[in-house]
Each structure stands twice: as structure tokens, then as C-alpha cells.
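Listing of run22.cif, mmCIF, C-alpha atoms
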data_input
#
loop_
_atom_site.label_atom_id
_atom_site.label_comp_id
_atom_site.auth_asym_id
_atom_site.auth_seq_id
_atom_site.Cartn_x
_atom_site.Cartn_y
_atom_site.Cartn_z
CA MET A 726 -32.01 -32.17 -1.09
CA GLU A 727 -34.76 -30.35 0.75
CA ILE A 728 -35.02 -26.57 0.74
CA SER A 729 -37.31 -24.89 3.21
CA GLN A 730 -39.31 -21.90 2.00
CA ASP A 731 -39.99 -19.86 5.11
CA SER A 732 -40.15 -16.49 3.37
CA PRO A 733 -39.87 -15.00 -0.13
CA VAL A 734 -36.54 -13.81 -1.49
CA PRO A 735 -36.13 -10.00 -1.72
CA SER A 736 -36.08 -8.82 -5.32
CA GLN A 737 -32.98 -6.66 -4.78
CA MET A 738 -30.92 -9.84 -4.48
CA THR A 739 -31.53 -10.71 -8.11
CA THR A 740 -28.21 -10.54 -9.97
CA ASP A 741 -26.57 -11.65 -13.18
CA LEU A 742 -23.94 -13.73 -11.40
CA SER A 743 -22.47 -16.74 -13.17
CA ILE A 744 -23.07 -19.75 -10.94
CA ILE A 745 -22.04 -23.41 -11.17
CA ILE A 746 -23.89 -26.01 -9.07
CA VAL A 747 -21.86 -29.16 -8.42
CA ASP A 748 -23.50 -32.28 -7.00
CA ASP A 749 -23.38 -35.92 -8.01
CA MET A 750 -27.11 -36.22 -7.19
CA GLN A 751 -29.32 -35.05 -10.05
CA PHE A 752 -32.23 -34.31 -7.74
CA SER A 753 -30.10 -32.03 -5.54
CA ARG A 754 -28.83 -30.13 -8.57
CA ALA A 755 -32.37 -29.62 -9.82
CA VAL A 756 -33.63 -28.40 -6.44
CA LEU A 757 -30.82 -25.87 -6.06
CA LYS A 758 -31.29 -24.64 -9.61
CA GLN A 759 -35.01 -24.19 -9.09
CA ALA A 760 -34.45 -22.25 -5.85
CA LEU A 761 -31.89 -19.92 -7.40
CA SER A 762 -34.01 -19.45 -10.52
CA LYS A 763 -36.92 -18.31 -8.33
CA SER A 764 -34.54 -15.77 -6.77
CA GLY A 765 -33.78 -14.30 -10.19
CA TYR A 766 -30.50 -15.96 -11.06
CA THR A 767 -30.34 -16.93 -14.73
CA ASP A 768 -26.71 -17.89 -15.51
CA LEU A 769 -26.81 -21.32 -13.90
CA ARG A 770 -24.68 -24.28 -14.99
CA LEU A 771 -24.99 -27.79 -13.56
CA ALA A 772 -22.08 -30.19 -13.07
CA ASP A 773 -22.47 -33.79 -11.94
CA SER A 774 -18.86 -34.04 -10.71
CA ALA A 775 -15.91 -31.93 -9.62
CA ASN A 776 -14.09 -32.70 -12.87
CA ALA A 777 -17.08 -31.52 -14.88
CA CYS A 778 -17.05 -28.30 -12.86
CA LEU A 779 -13.35 -27.73 -13.56
CA GLN A 780 -13.97 -28.29 -17.26
CA MET A 781 -16.73 -25.67 -17.18
CA LEU A 782 -14.42 -23.21 -15.40
CA ASN A 783 -11.76 -23.76 -18.04
CA GLU A 784 -14.31 -22.96 -20.72
CA ARG A 785 -15.80 -19.94 -18.93
CA CYS A 786 -15.15 -18.53 -15.48
CA ALA A 787 -17.83 -18.34 -12.79
CA ASP A 788 -18.51 -15.92 -9.98
CA VAL A 789 -19.78 -18.52 -7.53
CA VAL A 790 -19.41 -22.30 -7.26
CA LEU A 791 -21.93 -24.18 -5.09
CA ALA A 792 -20.56 -27.63 -4.36
CA ASP A 793 -21.54 -30.61 -2.27
CA TRP A 794 -18.86 -31.63 0.22
CA VAL A 795 -19.31 -35.39 -0.26
CA MET A 796 -18.83 -36.50 -3.88
CA PRO A 797 -17.11 -39.53 -5.45
CA GLU A 798 -13.63 -39.24 -7.03
CA MET A 799 -13.08 -35.63 -5.86
CA ASN A 800 -14.88 -34.16 -2.87
CA GLY A 801 -15.78 -30.52 -2.22
CA LEU A 802 -12.56 -29.69 -0.37
CA GLU A 803 -10.41 -31.22 -3.12
CA LEU A 804 -12.43 -29.28 -5.68
CA THR A 805 -11.77 -26.11 -3.66
CA ASN A 806 -8.01 -26.73 -3.89
CA ALA A 807 -8.26 -27.25 -7.64
CA ILE A 808 -10.33 -24.08 -8.14
CA ARG A 809 -7.89 -22.02 -6.06
CA GLN A 810 -5.03 -23.32 -8.22
CA LEU A 811 -6.95 -22.46 -11.38
CA ASP A 812 -7.76 -19.00 -10.02
CA GLU A 813 -4.07 -18.43 -9.32
CA GLU A 814 -3.11 -19.41 -12.86
CA CYS A 815 -5.84 -17.23 -14.42
CA ASN A 816 -5.46 -14.30 -12.01
CA ARG A 817 -9.11 -14.56 -10.99
CA TYR A 818 -11.15 -15.24 -7.89
CA THR A 819 -14.08 -17.63 -7.63
CA SER A 820 -16.28 -17.64 -4.53
CA ILE A 821 -16.94 -21.14 -3.23
CA ILE A 822 -19.86 -22.27 -1.05
CA LEU A 823 -19.91 -25.84 0.27
CA PHE A 824 -23.10 -27.48 1.47
CA THR A 825 -23.28 -30.70 3.43
CA GLY A 826 -25.14 -32.61 6.08
CA ARG A 827 -22.10 -32.55 8.35
CA GLU A 828 -22.54 -30.48 11.48
CA GLY A 829 -20.25 -29.07 14.12
CA ASN A 830 -17.59 -26.38 14.43
CA GLU A 831 -14.77 -28.71 13.47
CA ALA A 832 -16.21 -29.35 10.02
CA MET A 833 -16.83 -25.65 9.49
CA GLN A 834 -13.31 -24.73 10.61
CA GLU A 835 -11.76 -27.31 8.30
CA ALA A 836 -13.77 -26.01 5.35
CA PHE A 837 -12.73 -22.38 5.89
CA GLU A 838 -9.10 -23.34 6.42
CA ARG A 839 -9.17 -25.07 3.05
CA GLY A 840 -10.25 -21.85 1.32
CA ILE A 841 -14.04 -21.81 1.01
CA ASP A 842 -15.95 -18.55 1.30
CA ASP A 843 -19.11 -19.86 2.91
CA TYR A 844 -20.72 -23.00 4.30
CA LEU A 845 -24.32 -24.22 4.32
CA THR A 846 -25.81 -27.22 6.08
CA LYS A 847 -28.66 -29.31 4.72
CA PRO A 848 -31.52 -28.80 4.45
CA VAL A 849 -30.79 -25.44 2.85
CA ASP A 850 -33.18 -22.57 3.48
CA GLU A 851 -34.20 -20.89 0.23
CA MET A 852 -33.92 -17.38 1.65
CA GLU A 853 -30.53 -18.12 3.21
CA LEU A 854 -29.26 -19.74 0.00
CA ALA A 855 -30.10 -16.66 -2.07
CA ALA A 856 -28.55 -14.33 0.51
CA ARG A 857 -25.35 -16.39 0.80
CA VAL A 858 -24.98 -16.59 -2.99
CA PHE A 859 -25.53 -12.85 -3.26
CA ALA A 860 -22.84 -12.20 -0.61
CA ALA A 861 -20.45 -14.63 -2.29
CA GLY A 862 -21.01 -12.84 -5.58
CA ARG A 863 -20.07 -9.53 -3.97
CA ILE A 864 -16.86 -11.12 -2.66
CA SER A 865 -15.85 -12.42 -6.08
CA THR A 866 -16.73 -9.12 -7.76
CA LEU A 867 -14.65 -7.17 -5.25
CA GLN A 868 -11.70 -9.55 -5.45
CA ASN A 869 -11.72 -9.59 -9.25
CA THR A 870 -11.94 -5.80 -9.37
CA LEU A 871 -8.91 -5.60 -7.09
CA LEU A 872 -7.03 -8.15 -9.21
CA GLU A 873 -7.84 -6.28 -12.43
CA THR A 874 -6.76 -2.97 -10.86
CA ALA A 875 -3.51 -4.49 -9.62
CA SER A 876 -2.87 -6.03 -13.04
CA ALA A 877 -3.53 -2.71 -14.77
CA LEU A 878 -1.21 -0.89 -12.36
CA SER A 879 1.47 -3.51 -12.89
CA ALA A 880 1.19 -3.17 -16.66
CA ALA A 881 1.27 0.63 -16.41
CA ASN A 882 4.34 0.51 -14.16
CA ALA A 883 6.06 -1.88 -16.54
CA HIS A 884 5.27 0.45 -19.44
CA LEU A 885 6.59 3.45 -17.52
CA GLU A 886 9.71 1.52 -16.60
CA GLU A 887 10.20 0.62 -20.26
CA LEU A 888 9.73 4.24 -21.30
CA SER A 889 12.17 5.39 -18.64
CA THR A 890 14.90 3.13 -20.04
CA THR A 891 14.13 3.35 -23.77
CA ASP A 892 15.10 5.96 -26.34
CA SER A 893 11.91 6.90 -28.21
CA LEU A 894 13.68 7.72 -31.50
CA THR A 895 15.85 4.65 -32.04
CA GLY A 896 14.16 2.10 -29.78
CA LEU A 897 17.50 1.42 -28.11
CA GLY A 898 18.03 1.67 -24.39
CA ASN A 899 18.87 5.11 -23.02
CA ARG A 900 21.53 6.38 -20.62
CA ARG A 901 19.64 5.09 -17.60
CA TYR A 902 19.49 1.64 -19.15
CA LEU A 903 23.23 1.77 -19.86
CA THR A 904 24.06 2.54 -16.22
CA GLN A 905 21.76 -0.23 -15.00
CA GLN A 906 23.31 -2.82 -17.31
CA LEU A 907 26.88 -1.69 -16.68
CA GLU A 908 26.31 -1.90 -12.93
CA ASP A 909 24.92 -5.43 -13.32
CA TYR A 910 27.91 -6.54 -15.41
CA LEU A 911 30.41 -5.05 -12.98
CA MET A 912 28.66 -6.91 -10.17
CA GLU A 913 28.87 -10.13 -12.19
CA CYS A 914 32.60 -9.55 -12.76
CA ARG A 915 33.05 -9.11 -9.03
CA ASN A 916 31.15 -12.29 -8.18
CA ARG A 917 31.99 -14.61 -11.07
CA GLY A 918 34.98 -13.11 -12.83
CA GLY A 919 35.15 -12.14 -16.50
CA GLY A 920 35.51 -8.76 -18.13
CA VAL A 921 33.46 -5.82 -19.34
CA CYS A 922 34.09 -2.98 -21.79
CA LEU A 923 32.30 0.34 -22.10
CA ALA A 924 32.54 2.27 -25.36
CA LEU A 925 31.12 5.78 -25.69
CA VAL A 926 30.43 6.85 -29.26
CA ASP A 927 29.89 10.33 -30.73
CA VAL A 928 28.83 11.20 -34.29
CA ASP A 929 31.51 13.41 -35.83
CA LYS A 930 30.29 16.91 -36.73
CA PHE A 931 26.65 15.96 -36.29
CA ARG A 932 25.70 19.62 -35.84
CA ASP A 933 26.79 20.24 -39.44
CA ILE A 934 24.36 17.54 -40.61
CA ASN A 935 21.49 19.17 -38.73
CA ASP A 936 22.42 22.63 -40.02
CA GLN A 937 22.65 21.47 -43.64
CA TYR A 938 19.74 19.03 -43.85
CA GLY A 939 17.49 19.84 -40.87
CA HIS A 940 16.70 17.97 -37.70
CA ASP A 941 14.30 15.50 -39.34
CA VAL A 942 17.05 14.23 -41.61
CA GLY A 943 19.41 14.30 -38.64
CA ASP A 944 16.99 11.95 -36.87
CA GLU A 945 17.07 9.66 -39.91
CA VAL A 946 20.84 9.56 -39.64
CA LEU A 947 20.67 8.65 -35.96
CA VAL A 948 18.17 5.86 -36.62
CA GLY A 949 20.28 4.49 -39.46
CA LEU A 950 23.41 4.72 -37.34
CA SER A 951 21.72 2.92 -34.43
CA ARG A 952 20.87 0.00 -36.72
CA ARG A 953 24.39 -0.08 -38.10
CA LEU A 954 25.93 -0.13 -34.64
CA ARG A 955 23.56 -2.88 -33.58
CA ARG A 956 24.63 -5.04 -36.51
CA ALA A 957 28.34 -4.29 -35.97
CA VAL A 958 28.47 -5.93 -32.52
CA ARG A 959 27.56 -9.32 -31.10
CA PRO A 960 23.89 -10.10 -30.41
CA THR A 961 24.67 -10.25 -26.69
CA ASP A 962 26.29 -6.78 -26.65
CA ILE A 963 24.25 -3.80 -25.52
CA VAL A 964 23.86 -0.69 -27.68
CA VAL A 965 22.17 2.41 -26.28
CA ARG A 966 21.63 6.03 -27.20
CA THR A 967 22.93 8.15 -24.33
CA GLY A 968 22.38 11.64 -25.76
CA SER A 969 21.53 13.71 -28.81
CA ASP A 970 24.29 12.32 -31.04
CA GLU A 971 25.91 9.96 -28.54
CA PHE A 972 25.72 6.20 -28.18
CA GLY A 973 27.11 3.64 -25.79
CA ILE A 974 28.18 0.00 -26.19
CA ILE A 975 28.65 -2.54 -23.40
CA MET A 976 30.53 -5.76 -24.15
CA HIS A 977 30.71 -8.50 -21.55
CA TYR A 978 33.21 -11.38 -21.67
CA THR A 979 32.97 -14.44 -19.46
CA ASP A 980 36.44 -15.34 -20.75
CA PRO A 981 38.68 -12.24 -20.79
CA ASP A 982 41.17 -14.04 -23.05
CA ALA A 983 38.55 -13.93 -25.81
CA PHE A 984 38.65 -10.12 -25.86
CA ARG A 985 40.41 -8.32 -28.74
CA ALA A 986 40.78 -4.55 -28.68
CA SER A 987 40.59 -4.53 -32.48
CA VAL A 988 36.83 -5.11 -32.20
CA PHE A 989 36.32 -1.38 -31.67
CA ASP A 990 38.29 -0.47 -34.80
CA ARG A 991 36.05 -2.84 -36.72
CA VAL A 992 32.93 -1.19 -35.30
CA VAL A 993 34.15 2.27 -36.30
CA GLY A 994 35.11 0.98 -39.74
CA SER A 995 31.75 -0.66 -40.35
CA VAL A 996 29.96 2.61 -39.60
CA SER A 997 32.07 4.78 -41.91
CA GLN A 998 32.50 2.39 -44.82
CA ARG A 999 29.30 3.58 -46.50
CA SER A 1000 26.93 6.52 -46.27
CA VAL A 1001 23.64 6.47 -44.38
CA GLN A 1002 20.57 6.56 -46.60
CA THR A 1003 18.08 9.35 -45.85
CA SER A 1004 15.16 11.09 -47.54
CA GLU A 1005 17.67 13.74 -48.71
CA GLY A 1006 20.07 11.21 -50.20
CA ASP A 1007 23.11 9.39 -48.89
CA ILE A 1008 25.00 11.18 -46.13
CA PRO A 1009 28.53 10.12 -45.11
CA VAL A 1010 28.89 9.57 -41.38
CA THR A 1011 31.89 8.87 -39.17
CA ILE A 1012 32.13 8.33 -35.44
CA SER A 1013 34.67 8.78 -32.66
CA MET A 1014 34.94 6.35 -29.75
CA GLY A 1015 36.37 6.28 -26.26
CA VAL A 1016 36.72 2.92 -24.49
CA ASP A 1017 37.43 1.72 -20.97
CA CYS A 1018 37.77 -1.99 -20.21
CA TYR A 1019 38.24 -4.23 -17.23
CA MET A 1020 39.43 -7.69 -18.23
CA GLY A 1021 39.59 -9.53 -14.93
CA ASP A 1022 43.04 -8.24 -14.00
CA LYS A 1023 43.32 -9.29 -10.35
CA SER A 1024 46.22 -6.90 -9.85
CA GLN A 1025 43.85 -4.00 -10.38
CA PRO A 1026 40.67 -3.30 -8.41
CA LEU A 1027 37.33 -3.56 -10.16
CA PRO A 1028 36.47 -0.06 -11.41
CA GLU A 1029 33.50 1.85 -10.07
CA LEU A 1030 30.71 2.57 -12.52
CA GLN A 1031 31.13 6.36 -12.53
CA LYS A 1032 34.91 6.13 -12.84
CA MET A 1033 34.58 3.75 -15.76
CA MET A 1034 32.17 6.09 -17.53
CA ALA A 1035 34.41 9.08 -16.81
CA ALA A 1036 37.44 7.26 -18.24
CA ALA A 1037 35.57 6.32 -21.44
CA ASP A 1038 34.25 9.88 -21.76
CA GLU A 1039 37.74 11.37 -21.37
CA ARG A 1040 39.07 9.08 -24.11
CA LEU A 1041 36.13 9.98 -26.34
CA PHE A 1042 37.03 13.66 -25.91
CA ARG A 1043 40.62 12.96 -26.93
CA ALA A 1044 39.46 10.92 -29.92
CA LYS A 1045 37.35 13.81 -31.19
CA GLU A 1046 40.16 16.28 -30.58
CA ALA A 1047 42.46 14.08 -32.68
CA GLY A 1048 40.12 14.18 -35.69
CA ARG A 1049 37.31 12.16 -37.26
CA ASN A 1050 36.92 8.39 -37.12
CA ARG A 1051 39.23 7.71 -34.18
CA VAL A 1052 39.23 5.20 -31.32
CA PHE A 1053 41.03 5.75 -28.04
CA THR A 1054 41.23 2.76 -25.68
CA GLU A 1055 43.93 4.14 -23.36
#
Will you turn the file into C-alpha cells for me?
Amino acid sequence: MEISQDSPVPSQMTTDLSIIIVDDMQFSRAVLKQALSKSGYTDLRLADSANACLQMLNERCADVVLADWVMPEMNGLELTNAIRQLDEECNRYTSIILFTGREGNEAMQEAFERGIDDYLTKPVDEMELAARVFAAGRISTLQNTLLETASALSAANAHLEELSTTDSLTGLGNRRYLTQQLEDYLMECRNRGGGVCLALVDVDKFRDINDQYGHDVGDEVLVGLSRRLRRAVRPTDIVVRTGSDEFGIIMHYTDPDAFRASVFDRVVGSVSQRSVQTSEGDIPVTISMGVDCYMGDKSQPLPELQKMMAAADERLFRAKEAGRNRVFTE
């Protein structure tokens, strides 16, 4: 490959870009490397084939790939497709410049439609080469900055979403999470059948525990109780903390005939059968529970989310009025 040297390269174009030169002709690779080295580029890797270039990119990304269009096994356009696929998988952007002896607008149009960033015809002018590489480097830097920013925003939004649906004390979902999941299950019952139960749980006389032992120990009780509730239900059931001393349980049944109301008595029993261990010793704890269920009864309309929660809350109130350790399902 010949490179004309009409004028010196401006020093401000010197960068620390990572560049891969791909050409099956050793002489062409050497000429391009020498020209870019004179322009101040130092991170230069040479590949004698498209596959070698892809291997280099898998080992370490590059800002700019300079590739010959005509190469055996995989040409420059096929390499461009492979790099774009790799960029997509790695959430990166690599600027691609093809150089070739082909002339005409049709060749240029085809190259840009296939995803290249720039196009040079042989013989390559040294000044133009340095300028085009510099511009391609700016494109990749800008694109990667945008990708990193978008990724950071996505991660931050996901974290905020997690915080907005998670109880910080117990690690369970919160009331918002409960309403989201209950709405999803009701929608599934409407579309596919099945049943869903909502149980609202309240710790009996929890204020007395806080008054006697302090709020820190009260928090220990809530954490211990959350673990106990989690173990008392199926792995697929959802347990959340909906308030200070209140919890919620969602149970979904694809086969309503598999449902047994006695499951809630067992949950209440498993909580009260032994005291919760705290830093101030073992503290006995009981709970009250109000339950509302829809078990695919076609004679009754599917309940609305708010009505279902109101029904479970009303039964919880009656359970607490009736005394400690009670379950009301009707």
C-alpha cells in the first residue's frame, strides 16, 4: 500500500486511541502502522485476518479498527457485521474504517449501509489517514460515553425501583410490591384461571414489646418474625412487610382444588409455637390474620385488588378484636 505524504500531521491529532489494523498483506499493515506511528499513535495492534482481529477484540477492546475491504475467508464488510455483533453483546462501540481500491458511490453507499464509520480509497494520504482515525476515535469515545451513561442510569433506576419495593429492615417486599404482585396474580386468574389468596398479618400487642424492650429489640422481633413467616409458606408464596408491625402473604394456585384453608392456621401456629430470640432474650410472639381468597369460582366475579385488600383488612380487624392468635377467612 502506498501512502502519499503531502503535508505533515498536526500534533494536536496525537491521541492514545487503541487501534487495530487488519490486512492480509504484511506490507500494507507495516505501511499503515508506520504512518500512524509518525502521527503519534502508540497503541497499535496488527491482525493478518478478520478472525485474528476478532480474537484481539475479545481479549481487549479497541477504539478504531482499520480494515481492508478485500481479504480471504472474511472480507471487511463481513468483519464489520461481526464487530457490530460483538459490540452489541459487550455494550460497546468500535469505530470502523474500511480502505480499498474500489471506487464509485455505489461501493461507498454499500459500505456505510453495512455499518462502517468511514471509508478510504487507496492510495491513502497520510494526513487524511490521521485525520480520519482521529475523527473515528472521537465517534467511538462519544458513543461509549453515551453507552456508559445509559448503563449507569439503567442501574440507578433499577436500584431505585428495588428500593421502592423493598422493606429496608427485613429485606422483604413492601406494600407497593404486594399490590404489584397481587394485581399480576389477579390478571393471571382472569386470563388463565386458578386462584389467589391474600392474607394480612398483624403482630399481637406489638406496641407492648416496643414499650417494654425498646424499638431496637422490636426490630429484632420483626426480622425474626419475617424469617419465620417466610419458612412457614411455600417457596413460591410471597411474603411482604406492609407496615410497622404488619405483613402480607400472597398465595397463588394454578389448581384451586389444591387449596386448603387450614394452611393459614398452620402459618399462625408455626409463628406462635416458640418465642423469637432477641438480644434481650426470648420473646413470645403471636399474630392475627385476615384472609380473602378467590378460588376460580365462575359464579362469582373476579375481585378487584382494592376490594380484596379491604376484605382481608376487615377480617384482620375482627381477628384482633376476637383476641390473640386468630385467623378469620370469612
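Nearest to Asp927 of chain A of all the residues A:Arg1049, A:His940, A:Arg952, A:Arg863 is A:Arg1049, counting all atoms listed in the file.
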*asked:* Running the PyMOL selection byres ((chain A and resi 847) around 7) on this model by hand, what would come out? Give it as a ChimeraX atom specification.
replied: /A:824-826,845-846,848-849
Can you check which parts of segment 997-1036 of chain A lie within 12 Å of segment 885-904 of chain A? Per residue, the shortest pair of atoms and distance in Å to one decimal, counting all atoms listed in the file, sorted by chain and number, as a tab-separated table.
residue	atom	partner	partner_atom	distance
A:Glu1029	CA	A:Thr904	CA	11.3
A:Leu1030	CA	A:Thr904	CA	7.6
A:Gln1031	CA	A:Thr904	CA	8.8
A:Lys1032	CA	A:Thr904	CA	11.9
A:Met1033	CA	A:Thr904	CA	10.6
A:Met1034	CA	A:Thr904	CA	8.9
Residues matched by the PyMOL selection byres ((chain A and resi 858) around 9) as a list in words: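 Applied to this file, the PyMOL selection byres ((chain A and resi 858) around 9) returns Leu742, Ile744, Leu761, Val789, Leu791, Ser820, Ile822, Asp843, Glu853, Leu854, Ala855, Ala856, Arg857, Phe859, Ala860, Ala861, Gly862 and Arg863 of chain A.
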Counting only C-alpha atoms, what are the residues of segment 921-964 of chain A within 7 Å of segment 982-1001 of chain A, and for each of them which pair of atoms is the nearest and at what distance in Å, to one decimal? Sort the table by chain and rising number, as a Markdown table.
| residue | atom | partner | partner_atom | distance |
| --- | --- | --- | --- | --- |
| A:Val946 | CA | A:Val1001 | CA | 6.3 |
| A:Gly949 | CA | A:Val1001 | CA | 6.3 |
| A:Arg953 | CA | A:Val996 | CA | 6.4 |
| A:Leu954 | CA | A:Val996 | CA | 7.0 |
| A:Ala957 | CA | A:Val992 | CA | 5.6 |
Please evaluate the PyMOL selection byres ((chain A and resi 1053) around 7) against the structure above and give the resulting residues as a ChimeraX atom specification.
-> /A:1014-1016,1040-1041,1044,1051-1052,1054-1055
Print the selection's residues with C-alpha atoms to a file, as a PDB file, in the coordinates of the input.
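Saved to result_18.pdb:
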ATOM      1  CA  MET A1014      34.940   6.350 -29.750  1.00  0.00           C
ATOM      2  CA  GLY A1015      36.370   6.280 -26.260  1.00  0.00           C
ATOM      3  CA  VAL A1016      36.720   2.920 -24.490  1.00  0.00           C
ATOM      4  CA  ARG A1040      39.070   9.080 -24.110  1.00  0.00           C
ATOM      5  CA  LEU A1041      36.130   9.980 -26.340  1.00  0.00           C
ATOM      6  CA  ALA A1044      39.460  10.920 -29.920  1.00  0.00           C
ATOM      7  CA  ARG A1051      39.230   7.710 -34.180  1.00  0.00           C
ATOM      8  CA  VAL A1052      39.230   5.200 -31.320  1.00  0.00           C
ATOM      9  CA  THR A1054      41.230   2.760 -25.680  1.00  0.00           C
ATOM     10  CA  GLU A1055      43.930   4.140 -23.360  1.00  0.00           C
TER      11      GLU A1055
END
Pairwise distance, atom CA of Ala772 of chain A with atom CA of Thr870 of chain A, equals 26.7 Å
Review point. Rounded to one decimal in Å, what is the spacing between atom CA of Asp741 of chain A and atom CA of Gln810 of chain A?
Key: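 Those two atoms sit 25.0 Å apart.
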**Asked** Between atom CA of Val747 of chain A and atom CA of Ser764 of chain A, what is the distance, to one decimal in Å?
**Response**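 So the two atoms, atom CA of Val747 of chain A and atom CA of Ser764 of chain A, lie 18.5 Å apart.
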Q) Which residues come within 9 Å of segment 829-842 of chain A, counting only C-alpha atoms, excluding same-chain residues fewer than 2 positions away, as a PyMOL selection string? A) chain A and resi 802-803+805-806+809+820-823+827+844+861+864
Using all atoms listed in the file, the shortest atom-to-atom distance to Leu907 of chain A among A:Ala880, A:Val795, A:Val948, A:Cys1018 belongs to A:Cys1018
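Nearest to Met781 of chain A of all the residues A:Thr979, A:Ile1012, A:Ile808, A:Ala755 is A:Ile808, counting only C-alpha atoms.
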